[in-house]
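Okay, structure first, notes after.
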Amino acid sequence: MKTLALTTALIAASFAMPVTAESLRIGVATAQTGALAPFDAPVMEGVHIAVDEINAAGGIGGTTKIELIEKDVRSDAAQTSIAVQELVDQGVSFLILPCDADPALAAIGIVSSAEIPAVSTCASSPTLPLVGGDYMFANFPGDNVQATVSAEWAWGQGMKSGYILYSPDTQYTTMPLYFAEVFEKLGGTMLGQDTYSIGQQDFSAIVTRIASLPEQPDVIMTSAYEPDFPSFLKALRAAGVTSQVIGSDGIDSPTTLSLGDAAEGLVFTTAGHAAPGSALEGFNKTYEKIMGHPSETVFNAVGYDLIKVVEAAQLAAGSTDPKALRDAMANLENVQGVTSTITYKGTDGMPVRQVSLIRVKAGGRELVGQPSPTADLIPAPRMQ
Amino acid sequence: MDLFLQQTVNAISLGGTYALLALGLAVVFSIMGLINFAHGELMTIAGYVLMFCGLAGMPFVLSILLAVSASVVAAVLMERIAFRPVRNASGATLLVTSFAVSMVLQVLFQNLISVRSQPVLLPQILSESVRIGGFVIGVNKILAIVATVVMLIFLDWFMKRQKAGIAMRAAAEDFAVARLMGIRANTVIAGAFALSGLLAGVAAVLWVSQRASVDPLMGFMPVLKAFIAAILGGLGSLRGAVAGGFLLGFIEIYLAAFLPPEWQEFRDPIGLALVVAVLLIRPNGLIPAPALKAQKV
């Protein structure tokens with residue numbers, strides 16, 4: 001645990017004017033080791049960049065410095081609730097929770113009774129704020145929104161039949177069920193579905209079944225991520241299946257781009273695209289300057305945006321009181337982040353933010369579009 | 001029928017990889033009575049070597065040789081540093097030591113390399129497939145089957161015809177008597193670890209060529225499968241490990257292939273229930289080791 005910034009109270013006290021300078025204490029209970037670390041660690045890099053930037057400029061609004069208190073929860077749900085309890089005892093005004101909905105929900109009892117706003121680094125399940133209640137927020141385009149964007153795109157491309165591969169192991173990996181729902185609503189036919197377990201190495205039985213279908217699906221959708229996704233995709237292409245494959249934000253990673261011919265033409269939804277001249281491109285340059293290597297994933301920028309949201313909430317609330325922060329956060333509108341604008345007003349805690357559709361082309365990213373999904377088509381959150 | 005044969009090829013390929021993994025555990029267990037849960041980390045080490053070699057632009061064949069050698073060296077070092085000091089301790093101590101080695105290595109990978117998985121550049125040929133008759137067989141499946149066959153033949157020759165191999169078999173049967181015959185305990189145990197490192201290295205190449213990435217926690221799943229396969233086959237028995245590996249591969253593939261769609265979600269529990277059923281009929285595994293009680297030195 002490291003404390004990045006210290007309170008400025010002493011300095012402020014030396015002024016004649018009765019300025020009550022305070023610091024905003026943010027408790028961070030994220031996974032720096034274990035299975036969620038590949039997502040939480042890059043988000044935290046972005047969080048640190050934003051916090052350092054704000055503190056270097058004198059704090060939020062020039063007065064309130066941000067103090068991070070960090071604990072590693074080792075990707076474990078029980079450890080998350082222990083860490084959150086410790087952070088609450090230390091009097092934090094805001095909480096940052098792990099990337100997956102399940103460990104984030106493990107802390108919900110403590111979060112609700114302490115009445116401190118909490119946001120998951122990058123969980124995208126729309127059920128998170130729904131189950132979590134008033135004090136739980138997400139920080140990523142929802143699964144149902146991403147699935148709507150990709151289903152509408154597929155339908156718009158003239159694809160009529162679909163197939164999904166999902167895993168009941170986590171909320172996130174059930175995203176294809178939303179896809180199927182929207183795709184059928186649009187008029188498409190689902191030819192079938194398959195399940196896998198997270199960490200499954202071998203997809204040969206499943207791809208053999210797909211390859212032997214009497215009619216090949218136009219589109220295959222999955223939210224599997226590493227290492228499952230590359231195994232699946234390579235096996236699928238080796239079995240001779242040429243259908244369009246659609247993935248989601250979990251595969252926004254260098255591995256996907258290094259798969260060669262197997263990944264060519266693959267389309268996936270994610271939280272942003274570093275188009276030339278975009279804010280995200282600017283952030284990526286800053287990241288490279290600070291960290292000494294290029295950003296590998298959009299999750300860095302997602303972390304930066306998280307602190308931008310906290311900053312906006314603090315400015316709107318005008319205090320570090322957790323309740324005031326929560327109310328301010330729930331009413332935020334069009335906060336300018338580097339990935340997109342972010343709106344919480346009118347939602348249950350699942351932010352409205354842009355979804356980017358990316359196509360893999362010659363080992364690089366190509367922007368397909370950043371369409372707004374049709375509101376009527378977005379499925380209701382599905383409780384698992 | 002075609003579909004059945006195609007799925008059988010899939011099962012042989014997966015079962016072969018499991019057999020190599022289970023053999024790696026069995027070789028060490030037969031001699032030391034230790035189930036080395038850090039076996040998976042040997043695979044991770046081999047995987048990272050493949051990754052670095054890919055980045056350095058080395059030919060893939062050379063990368064494979066380096067990766068397998070790294071795994072062998074790591075296995076011998078593991079024995080020398082972690083397991084030799086506790087060799088005479090109880091089975092529980094050995095087991096906990098192996099968990100500790102595994103966790104220490106995982107955290108080292110996370111801190112020194114990256115928490116995120118790293119892409120491994122593979123030759124394009126591995127993603128391709130060939131058509132034999134009416135079958136489509138992936139090149140990496142053929143590679144897995146060939147590698148398994150070659151390794152099994154090599155092991156058979158090594159254990160039967162080589163002095164070191166014969167010594168290992170003797171030690172597995174009765175370590176005390178083997179020592180009285182002038183076999184050095186340290187050599188035999190180090191040899192067993194080197195052999196398990198070799199098996200882990202070959203399995204790692206097959207494993208990584210399927211998933212195209214390597215991450216710090218990569219070793220957990222294969223060692224779990226190897227453990228199940230080794231128990232299924234009969235702990236400490238090398239033939240049993242091979243049989244267990246293949247049986248596990250067949251169970252997994254056939255369930256995934258032929259279970260009705262509404263049951264697919266419960267594929268893993270059903271598969272494990274079948275394993276339990278086999279153990280109920282044959283409590284010591286398919287082909288039990290002649291000397292179940294591995295004696296330590």
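Residues in the structure tokens are named by chain (A, B, ... in the order shown) and by number from 1 within that chain; ligands are numbered from 1 in the order shown.
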Using DSSP secondary structure from the backbone, list all helix (DSSP H, G or I) positions within stretch 72-273 of chain B, as number ranges by chain.
B: 72-86, 91-112, 124-127, 139-161, 163-173, 175-180, 185-211, 220-233, 238-258, 261-273
With a cut-off of 6 Å and counting only C-alpha atoms, select all residues of chain B in contact with chain A and give the selection as an MDAnalysis selection string.
chainID B and resid 115:116 119 127:129 138 210:211 253 256:257
Can those selected residues be exported to a file as a PDB file, in the first residue's frame so that it contains N, CA and C atoms?
```
ATOM      1  N   VAL B 115       1.548  -8.673 -15.658  1.00  0.00           N
ATOM      2  CA  VAL B 115       0.338  -9.348 -15.198  1.00  0.00           C
ATOM      3  C   VAL B 115      -0.531  -9.718 -16.382  1.00  0.00           C
ATOM      4  N   ARG B 116      -0.366  -8.966 -17.471  1.00  0.00           N
ATOM      5  CA  ARG B 116      -1.191  -9.263 -18.647  1.00  0.00           C
ATOM      6  C   ARG B 116      -0.560 -10.391 -19.449  1.00  0.00           C
ATOM      7  N   PRO B 119       1.533 -12.056 -25.938  1.00  0.00           N
ATOM      8  CA  PRO B 119       1.357 -12.846 -27.162  1.00  0.00           C
ATOM      9  C   PRO B 119       2.611 -13.640 -27.505  1.00  0.00           C
ATOM     10  N   SER B 127      -1.528 -22.703 -37.538  1.00  0.00           N
ATOM     11  CA  SER B 127      -2.964 -22.376 -37.552  1.00  0.00           C
ATOM     12  C   SER B 127      -3.665 -23.005 -38.736  1.00  0.00           C
ATOM     13  N   GLU B 128      -2.909 -23.674 -39.590  1.00  0.00           N
ATOM     14  CA  GLU B 128      -3.528 -24.225 -40.783  1.00  0.00           C
ATOM     15  C   GLU B 128      -3.998 -25.661 -40.555  1.00  0.00           C
ATOM     16  N   SER B 129      -4.622 -26.211 -41.573  1.00  0.00           N
ATOM     17  CA  SER B 129      -5.105 -27.577 -41.420  1.00  0.00           C
ATOM     18  C   SER B 129      -4.898 -28.325 -42.727  1.00  0.00           C
ATOM     19  N   GLY B 138      -6.202 -30.133 -37.948  1.00  0.00           N
ATOM     20  CA  GLY B 138      -5.326 -28.986 -37.732  1.00  0.00           C
ATOM     21  C   GLY B 138      -3.882 -29.449 -37.624  1.00  0.00           C
ATOM     22  N   GLN B 210      -1.543 -23.814 -29.012  1.00  0.00           N
ATOM     23  CA  GLN B 210      -2.997 -23.784 -29.128  1.00  0.00           C
ATOM     24  C   GLN B 210      -3.550 -22.414 -28.732  1.00  0.00           C
ATOM     25  N   ARG B 211      -2.967 -21.799 -27.686  1.00  0.00           N
ATOM     26  CA  ARG B 211      -3.572 -20.587 -27.139  1.00  0.00           C
ATOM     27  C   ARG B 211      -2.873 -19.307 -27.548  1.00  0.00           C
ATOM     28  N   ILE B 253     -13.688 -34.701 -24.581  1.00  0.00           N
ATOM     29  CA  ILE B 253     -14.094 -34.427 -25.971  1.00  0.00           C
ATOM     30  C   ILE B 253     -15.448 -35.055 -26.285  1.00  0.00           C
ATOM     31  N   ALA B 256     -18.210 -33.070 -24.684  1.00  0.00           N
ATOM     32  CA  ALA B 256     -18.427 -31.798 -25.380  1.00  0.00           C
ATOM     33  C   ALA B 256     -19.068 -32.047 -26.737  1.00  0.00           C
ATOM     34  N   ALA B 257     -18.767 -33.179 -27.325  1.00  0.00           N
ATOM     35  CA  ALA B 257     -19.258 -33.418 -28.674  1.00  0.00           C
ATOM     36  C   ALA B 257     -20.672 -33.994 -28.698  1.00  0.00           C
TER      37      ALA B 257
END
```
Among the residues of stretch 61-208 of chain B, find those DSSP assigns to strand (DSSP E) from the backbone and print them as a VMD selection string.
chain B and resid 118 to 119 129 to 132 135 to 138
List the neighbours of stretch 11-13 of chain B out to 8 Å using only C-alpha atoms; skip same-chain residues closer than 6 positions along the sequence, and give me the result as a list in words.
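In the requested form, the answer reads Lys141, Ile142, Ala144, Ile145, Phe246, Gly249, Phe250, Glu252, Ile253 and Tyr254 of chain B.
Considering only C-alpha atoms, the residue among B:Ala22, B:Leu122, B:Gln6, B:Leu42 positioned nearest to B:Met58 is B:Leu122.
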Stretch 270-279 of chain B environment, 10 Å, only C-alpha atoms, sequence neighbours closer than 4 positions dropped, as a PyMOL selection string
chain B and resi 228-229+231-234+244+247-248+250-256+259+263-266+283-286
Contacts of A:Thr121 at 12 Å (only C-alpha atoms; same-chain gap of 6+ positions) as an mmCIF file with C-alpha atoms, in the first residue's frame:
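Written output follows (result39.cif):
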```cif
data_model
loop_
_atom_site.group_PDB
_atom_site.id
_atom_site.type_symbol
_atom_site.label_atom_id
_atom_site.label_comp_id
_atom_site.auth_asym_id
_atom_site.auth_seq_id
_atom_site.Cartn_x
_atom_site.Cartn_y
_atom_site.Cartn_z
ATOM 1 C CA VAL A 28 -8.704 1.266 -3.840
ATOM 2 C CA ALA A 29 -9.479 -2.435 -3.410
ATOM 3 C CA THR A 30 -8.432 -3.945 -6.725
ATOM 4 C CA ALA A 31 -6.698 -7.074 -7.933
ATOM 5 C CA LEU A 36 -8.289 -10.201 -12.550
ATOM 6 C CA ALA A 37 -4.907 -8.465 -12.460
ATOM 7 C CA PRO A 38 -4.638 -8.374 -16.268
ATOM 8 C CA PHE A 39 -7.570 -5.945 -16.213
ATOM 9 C CA ASP A 40 -7.236 -4.146 -12.880
ATOM 10 C CA ALA A 41 -3.502 -3.474 -13.168
ATOM 11 C CA PRO A 42 -3.749 -1.463 -16.415
ATOM 12 C CA VAL A 43 -6.788 0.433 -15.100
ATOM 13 C CA MET A 44 -4.778 1.383 -12.012
ATOM 14 C CA GLU A 45 -1.944 2.685 -14.186
ATOM 15 C CA GLY A 46 -4.450 5.056 -15.780
ATOM 16 C CA VAL A 47 -5.819 5.989 -12.348
ATOM 17 C CA LEU A 95 -14.165 3.303 -3.299
ATOM 18 C CA ILE A 96 -12.692 1.652 -6.373
ATOM 19 C CA LEU A 97 -13.543 -2.047 -6.706
ATOM 20 C CA PRO A 98 -12.256 -4.893 -8.927
ATOM 21 C CA CYS A 99 -13.040 -5.328 -12.591
ATOM 22 C CA ASP A 100 -15.402 -8.247 -12.324
ATOM 23 C CA ALA A 101 -18.974 -7.914 -11.105
ATOM 24 C CA PRO A 103 -15.917 -9.669 -6.404
ATOM 25 C CA ALA A 104 -17.288 -6.118 -6.632
ATOM 26 C CA LEU A 128 -23.747 -4.814 -11.124
ATOM 27 C CA MET A 136 -22.643 1.029 -6.800
ATOM 28 C CA PHE A 137 -21.498 2.394 -10.135
ATOM 29 C CA ALA A 138 -19.890 0.850 -13.201
ATOM 30 C CA ASN A 139 -17.285 2.440 -15.440
ATOM 31 C CA PHE A 140 -17.648 0.679 -18.760
ATOM 32 C CA PRO A 141 -20.163 0.362 -21.604
ATOM 33 C CA PHE A 299 -8.072 -0.211 -19.985
ATOM 34 C CA ASN A 300 -5.330 2.340 -19.205
ATOM 35 C CA ALA A 301 -7.543 5.123 -20.549
ATOM 36 C CA VAL A 302 -10.584 3.649 -18.799
ATOM 37 C CA GLY A 303 -8.718 4.130 -15.490
ATOM 38 C CA TYR A 304 -7.865 7.714 -16.385
ATOM 39 C CA ASP A 305 -11.528 8.394 -17.140
ATOM 40 C CA LEU A 306 -12.569 6.890 -13.821
ATOM 41 C CA ILE A 307 -10.657 9.623 -11.973
ATOM 42 C CA VAL A 309 -15.539 11.106 -13.237
#
```
For stretch 33-38 of chain B, list every protein, DNA or RNA residue within 10 Å, evaluated using only C-alpha atoms, and leave out those in the same chain fewer than 5 positions away; present the list as a count of residues only.
45
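Atom to atom, atom CA of A:Val335 and atom CA of A:Ala312 stand 7.0 Å apart.
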For B:Ser69, which residue out of B:Met218, B:Ala200, B:Val86, B:Val150 is the nearest one, using only C-alpha atoms?
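Smallest separation from B:Ser69 among the options: B:Ala200.
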